[in-house]
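Read the structure below first, then the notes.
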Amino acid sequence: MTEKEVEVSVVLVGCGCPLRSMGWYHAMQLLDQRVEHAALKYVVEPWYFSDAAENAPGKNEFDTWSTDVETKYGVKFVQNVNQVPLPSNDEIRLGIISARTADNPKLLEACLGIKCTTIYLEKPGAPTVDELEKMKEKAETAGVKVFMGFNKNVSSYLTKSREFIAQKGSDEKCDITFLHNNNYSNKEADLAECFERNAEGMLKNMAIHELAILVTYYGVTVDTIDKVEADKEFSSCKTLKGPSSGKDFTDFDKLKFKIITKDGTEVNVAADRCGGDDSVAIVTTSATASGKELVRYTMPDDETVAQKDALKAKYGDAMPYFFAQDPDYLKLKQLVVQNCIDGSPTQGVADIQVAVETLKVAEYLTPILTDQLK
């Protein structure tokens, strides 16, 4: 069988609401044949097919969309993973899990049960390090590779910033800061809702992408960290009452810190829940040389921004960040699909071991930074 004849069959687990959920956008990129050699065969949607979701927001939209997709493309929709039949002997099956983080451990095990040969797991993978390590062990026992949806790992802003520093060589020491902005309102009521909905905290949720970059490219692990320094002028830690539960949630609304590893590597991370809707890599001269900015690269880049109108015309009133990160989602899936076919290198793509180390770093840093900001 030639490569042109090879097709990876995809089982999407966790579609969610059309126009709003990441699983839906994965489905659309696949249905539009934008991922070469990949075909969406099954969609598993536990929530909207449950009795509890009968009157849930998005239920009607999902029903309309799923009926249309099943009719037009022949994709099968089911409620549970175990309703997907076992693959044929020559079938290459990829499972994409894009569900609630708390459900991921059982969903990954179920995907192993239907003989997925590779799994693409959305970040952070699991609520805790212990759960993620158990998932990793089960996948290894089954001989199944697990790649993570850390799309910033393959984004152009990261590549360009690293290439810029590499071209400088050892003659000029540079600092780099990876800044992640969200566009929440800075009103306390809005932040309280954000803190409650993302109760795992900023470092396990919003800034987990940046920590994955540090683990993948800068050798950062709990064992290699020598020093952590919070930028107190930039950072802010608050305790706010969740509007639904009435419980107190303590988290960062802004955070910046430097990590220095035992081998002297220095790298900075910043996150601002109310800073906008982009991510930026900022390269400066070292702090000892006044910290003058040399260059900055942004995600989305100019090419991606230029495609936003076309994507909106194609996909409608979907979440803006889908369009901002569209090429990265595509690149990540394409690398994983090609690896499924012929074992091609997945340069920059984080695997589940990187996810374990990333989650460990998040759990390690949170109390340290919280204490420094008291």
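By convention here, the chains of the structure tokens are called A, B, ... in the order presented, each chain's residues are numbered starting at 1, and ligands are numbered starting at 1 in the order presented.
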
Looking only at strand (DSSP E) from DSSP on the backbone, list the matching residues of stretch 34-151 of chain A as JSON, numbers by chain.
{"A": [38, 39, 40, 41, 42, 43, 44, 76, 77, 78, 92, 93, 94, 95, 96, 97, 118, 119, 120, 121, 145, 146, 147, 148]}

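Close contacts of A:Gln353, defined as residues with an atom at most 12 Å away when counting only C-alpha atoms, with chain neighbours fewer than 4 positions off set aside, comprise Pro124, Gly125, Val129, Leu132, Glu133, Lys134, Met135, Lys136, Glu137, Ala139, Glu140, Lys145, Val146, Phe147, Met148, Ala212, Val215, Thr216, Thr221, Val349, Glu357, Thr358, Leu359 and Lys360 of chain A.
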
Based on the selection just made, write N, CA, C and O atoms of those residues as a compact mmCIF listing (two decimals), in the first residue's frame.
# COMPACT_ATOMS: atom_id res chain seq x y z
N PRO A 124 -4.74 19.87 29.78
CA PRO A 124 -3.44 19.42 30.30
C PRO A 124 -3.32 17.90 30.39
O PRO A 124 -2.32 17.39 30.85
N GLY A 125 -4.38 17.19 29.97
CA GLY A 125 -4.34 15.73 29.95
C GLY A 125 -5.13 15.09 31.06
O GLY A 125 -5.91 14.17 30.85
N VAL A 129 -1.08 15.05 38.45
CA VAL A 129 0.09 14.30 37.97
C VAL A 129 -0.11 12.81 38.14
O VAL A 129 0.20 12.01 37.23
N LEU A 132 -2.33 11.43 35.42
CA LEU A 132 -1.67 11.46 34.12
C LEU A 132 -0.59 10.38 34.01
O LEU A 132 -0.42 9.76 32.96
N GLU A 133 0.13 10.15 35.11
CA GLU A 133 1.15 9.10 35.10
C GLU A 133 0.52 7.71 34.93
O GLU A 133 1.07 6.85 34.22
N LYS A 134 -0.64 7.50 35.54
CA LYS A 134 -1.33 6.22 35.37
C LYS A 134 -1.81 6.05 33.93
O LYS A 134 -1.75 4.94 33.37
N MET A 135 -2.28 7.13 33.32
CA MET A 135 -2.68 7.09 31.92
C MET A 135 -1.49 6.74 31.03
O MET A 135 -1.60 5.95 30.09
N LYS A 136 -0.36 7.35 31.32
CA LYS A 136 0.86 7.08 30.56
C LYS A 136 1.25 5.61 30.65
O LYS A 136 1.61 4.97 29.65
N GLU A 137 1.19 5.05 31.86
CA GLU A 137 1.54 3.64 32.06
C GLU A 137 0.62 2.71 31.27
O GLU A 137 1.07 1.74 30.65
N ALA A 139 -1.08 3.43 28.55
CA ALA A 139 -0.81 3.57 27.12
C ALA A 139 0.46 2.83 26.74
O ALA A 139 0.52 2.15 25.69
N GLU A 140 1.49 2.94 27.56
CA GLU A 140 2.74 2.24 27.28
C GLU A 140 2.55 0.72 27.28
O GLU A 140 3.10 0.02 26.43
N LYS A 145 1.02 5.29 21.38
CA LYS A 145 1.65 6.60 21.55
C LYS A 145 0.59 7.64 21.89
O LYS A 145 -0.50 7.63 21.31
N VAL A 146 0.92 8.54 22.82
CA VAL A 146 0.00 9.61 23.20
C VAL A 146 0.69 10.95 23.00
O VAL A 146 1.72 11.24 23.62
N PHE A 147 0.14 11.75 22.09
CA PHE A 147 0.63 13.10 21.84
C PHE A 147 -0.35 14.11 22.43
O PHE A 147 -1.54 13.83 22.55
N MET A 148 0.17 15.29 22.75
CA MET A 148 -0.62 16.30 23.45
C MET A 148 -0.96 17.49 22.55
O MET A 148 -0.19 17.85 21.66
N ALA A 212 4.74 24.03 28.99
CA ALA A 212 5.09 22.94 28.07
C ALA A 212 6.24 23.35 27.15
O ALA A 212 7.12 22.53 26.82
N VAL A 215 9.39 23.02 29.21
CA VAL A 215 9.79 21.62 29.39
C VAL A 215 10.37 21.06 28.09
O VAL A 215 11.41 20.38 28.09
N THR A 216 9.72 21.36 26.96
CA THR A 216 10.13 20.80 25.67
C THR A 216 11.44 21.37 25.18
O THR A 216 12.31 20.63 24.69
N THR A 221 12.41 21.09 34.35
CA THR A 221 11.63 20.11 35.11
C THR A 221 11.73 20.52 36.57
O THR A 221 12.53 21.39 36.94
N VAL A 349 6.28 18.38 18.87
CA VAL A 349 5.01 17.92 19.43
C VAL A 349 5.26 17.29 20.79
O VAL A 349 6.09 16.38 20.93
N GLU A 357 5.65 16.03 32.99
CA GLU A 357 6.65 16.95 33.54
C GLU A 357 6.08 18.36 33.63
O GLU A 357 6.36 19.10 34.59
N THR A 358 5.26 18.75 32.65
CA THR A 358 4.66 20.08 32.65
C THR A 358 3.70 20.25 33.82
O THR A 358 3.72 21.28 34.51
N LEU A 359 2.88 19.25 34.04
CA LEU A 359 1.93 19.32 35.15
C LEU A 359 2.67 19.32 36.50
O LEU A 359 2.25 20.00 37.44
N LYS A 360 3.76 18.58 36.58
CA LYS A 360 4.58 18.59 37.80
C LYS A 360 5.12 19.99 38.07
O LYS A 360 5.10 20.48 39.21

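Note that atom CA of A:Leu369 and atom CA of A:Ser161 are 26.1 Å apart.
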
Spatial neighbours of A:Asp251, 8 Å, only C-alpha atoms, chain gap at least 6 places, as an mmCIF file with N, CA, C and O atoms, in the first residue's frame:
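Result saved to result.cif:
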data_model
loop_
_atom_site.group_PDB
_atom_site.id
_atom_site.type_symbol
_atom_site.label_atom_id
_atom_site.label_comp_id
_atom_site.auth_asym_id
_atom_site.auth_seq_id
_atom_site.Cartn_x
_atom_site.Cartn_y
_atom_site.Cartn_z
ATOM 1 N N PHE A 195 -12.141 32.524 37.667
ATOM 2 C CA PHE A 195 -11.437 31.727 38.682
ATOM 3 C C PHE A 195 -12.216 30.452 38.997
ATOM 4 O O PHE A 195 -11.641 29.376 39.142
ATOM 5 N N GLY A 201 -6.581 26.525 38.330
ATOM 6 C CA GLY A 201 -5.620 27.606 38.501
ATOM 7 C C GLY A 201 -4.899 27.973 37.216
ATOM 8 O O GLY A 201 -4.829 27.195 36.265
ATOM 9 N N MET A 202 -4.344 29.178 37.210
ATOM 10 C CA MET A 202 -3.711 29.714 36.012
ATOM 11 C C MET A 202 -2.604 28.825 35.458
ATOM 12 O O MET A 202 -2.502 28.604 34.247
ATOM 13 N N CYS A 237 -2.185 38.402 42.728
ATOM 14 C CA CYS A 237 -2.875 37.199 43.197
ATOM 15 C C CYS A 237 -4.067 37.630 44.037
ATOM 16 O O CYS A 237 -3.927 38.467 44.936
ATOM 17 N N LYS A 238 -5.252 37.078 43.718
ATOM 18 C CA LYS A 238 -6.469 37.510 44.398
ATOM 19 C C LYS A 238 -7.270 36.319 44.907
ATOM 20 O O LYS A 238 -7.156 35.217 44.368
ATOM 21 N N THR A 239 -8.083 36.568 45.919
ATOM 22 C CA THR A 239 -9.069 35.597 46.389
ATOM 23 C C THR A 239 -10.451 36.181 46.121
ATOM 24 O O THR A 239 -10.790 37.243 46.644
#

Just checking: using only C-alpha atoms, which residue out of A:Gly23, A:Gly246, A:Pro327, A:Pro87 ends up closest to A:Leu121?
A:Gly23

Polymer residues at most 9 Å from A:Ser344, only C-alpha atoms, same-chain spacing of 6 or more positions, as a ChimeraX atom specification:
/A:335-336,338

Judged by only C-alpha atoms, the minimum distance to A:Asn182 among A:Ala271, A:Ala53, A:Leu112, A:Ala199 is found for A:Ala271

I need the residues of stretch 136-166 of chain A that end up classed as helix (DSSP H, G or I) by DSSP on the backbone, written out as number ranges by chain.
A: 136-142, 151-154, 156-166

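Rounded to one decimal, atom CA of A:Tyr218 and atom CA of A:Lys160 lie 15.4 Å from each other.
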
Could you name the residues that touch stretch 4-12 of chain A at 6 Å or less, counting only C-alpha atoms, but leaving out those on the same chain fewer than 4 positions away, as number ranges by chain?
A: 37-43, 92-96

Written selection (N, CA, C and O atoms) as a compact mmCIF listing (two decimals), in the first residue's frame:
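Dumped to selection-v4.txt:
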# COMPACT_ATOMS: atom_id res chain seq x y z
N HIS A 37 -4.55 12.69 4.52
CA HIS A 37 -4.51 11.27 4.88
C HIS A 37 -5.29 10.96 6.16
O HIS A 37 -5.02 9.95 6.80
N ALA A 38 -6.23 11.82 6.52
CA ALA A 38 -7.02 11.58 7.73
C ALA A 38 -8.50 11.73 7.39
O ALA A 38 -8.90 12.63 6.65
N ALA A 39 -9.32 10.83 7.94
CA ALA A 39 -10.77 10.89 7.71
C ALA A 39 -11.50 10.66 9.03
O ALA A 39 -11.23 9.69 9.74
N LEU A 40 -12.42 11.56 9.33
CA LEU A 40 -13.23 11.43 10.54
C LEU A 40 -14.29 10.35 10.31
O LEU A 40 -15.11 10.45 9.40
N LYS A 41 -14.27 9.31 11.15
CA LYS A 41 -15.19 8.18 11.00
C LYS A 41 -16.25 8.13 12.10
O LYS A 41 -17.40 7.78 11.84
N TYR A 42 -15.84 8.45 13.34
CA TYR A 42 -16.76 8.38 14.47
C TYR A 42 -16.62 9.62 15.34
O TYR A 42 -15.50 10.12 15.53
N VAL A 43 -17.75 10.08 15.86
CA VAL A 43 -17.75 11.12 16.88
C VAL A 43 -18.45 10.56 18.11
O VAL A 43 -19.59 10.09 18.03
N ILE A 92 -5.58 2.00 10.48
CA ILE A 92 -4.79 2.83 11.40
C ILE A 92 -5.76 3.78 12.08
O ILE A 92 -6.39 4.62 11.44
N ARG A 93 -5.92 3.65 13.38
CA ARG A 93 -6.94 4.41 14.10
C ARG A 93 -6.31 5.42 15.06
O ARG A 93 -5.51 5.07 15.92
N LEU A 94 -6.69 6.67 14.90
CA LEU A 94 -6.26 7.76 15.77
C LEU A 94 -7.43 8.23 16.61
O LEU A 94 -8.50 8.55 16.08
N GLY A 95 -7.25 8.28 17.92
CA GLY A 95 -8.26 8.83 18.81
C GLY A 95 -7.89 10.25 19.20
O GLY A 95 -6.76 10.49 19.65
N ILE A 96 -8.80 11.19 19.00
CA ILE A 96 -8.61 12.56 19.45
C ILE A 96 -9.54 12.80 20.62
O ILE A 96 -10.77 12.74 20.47
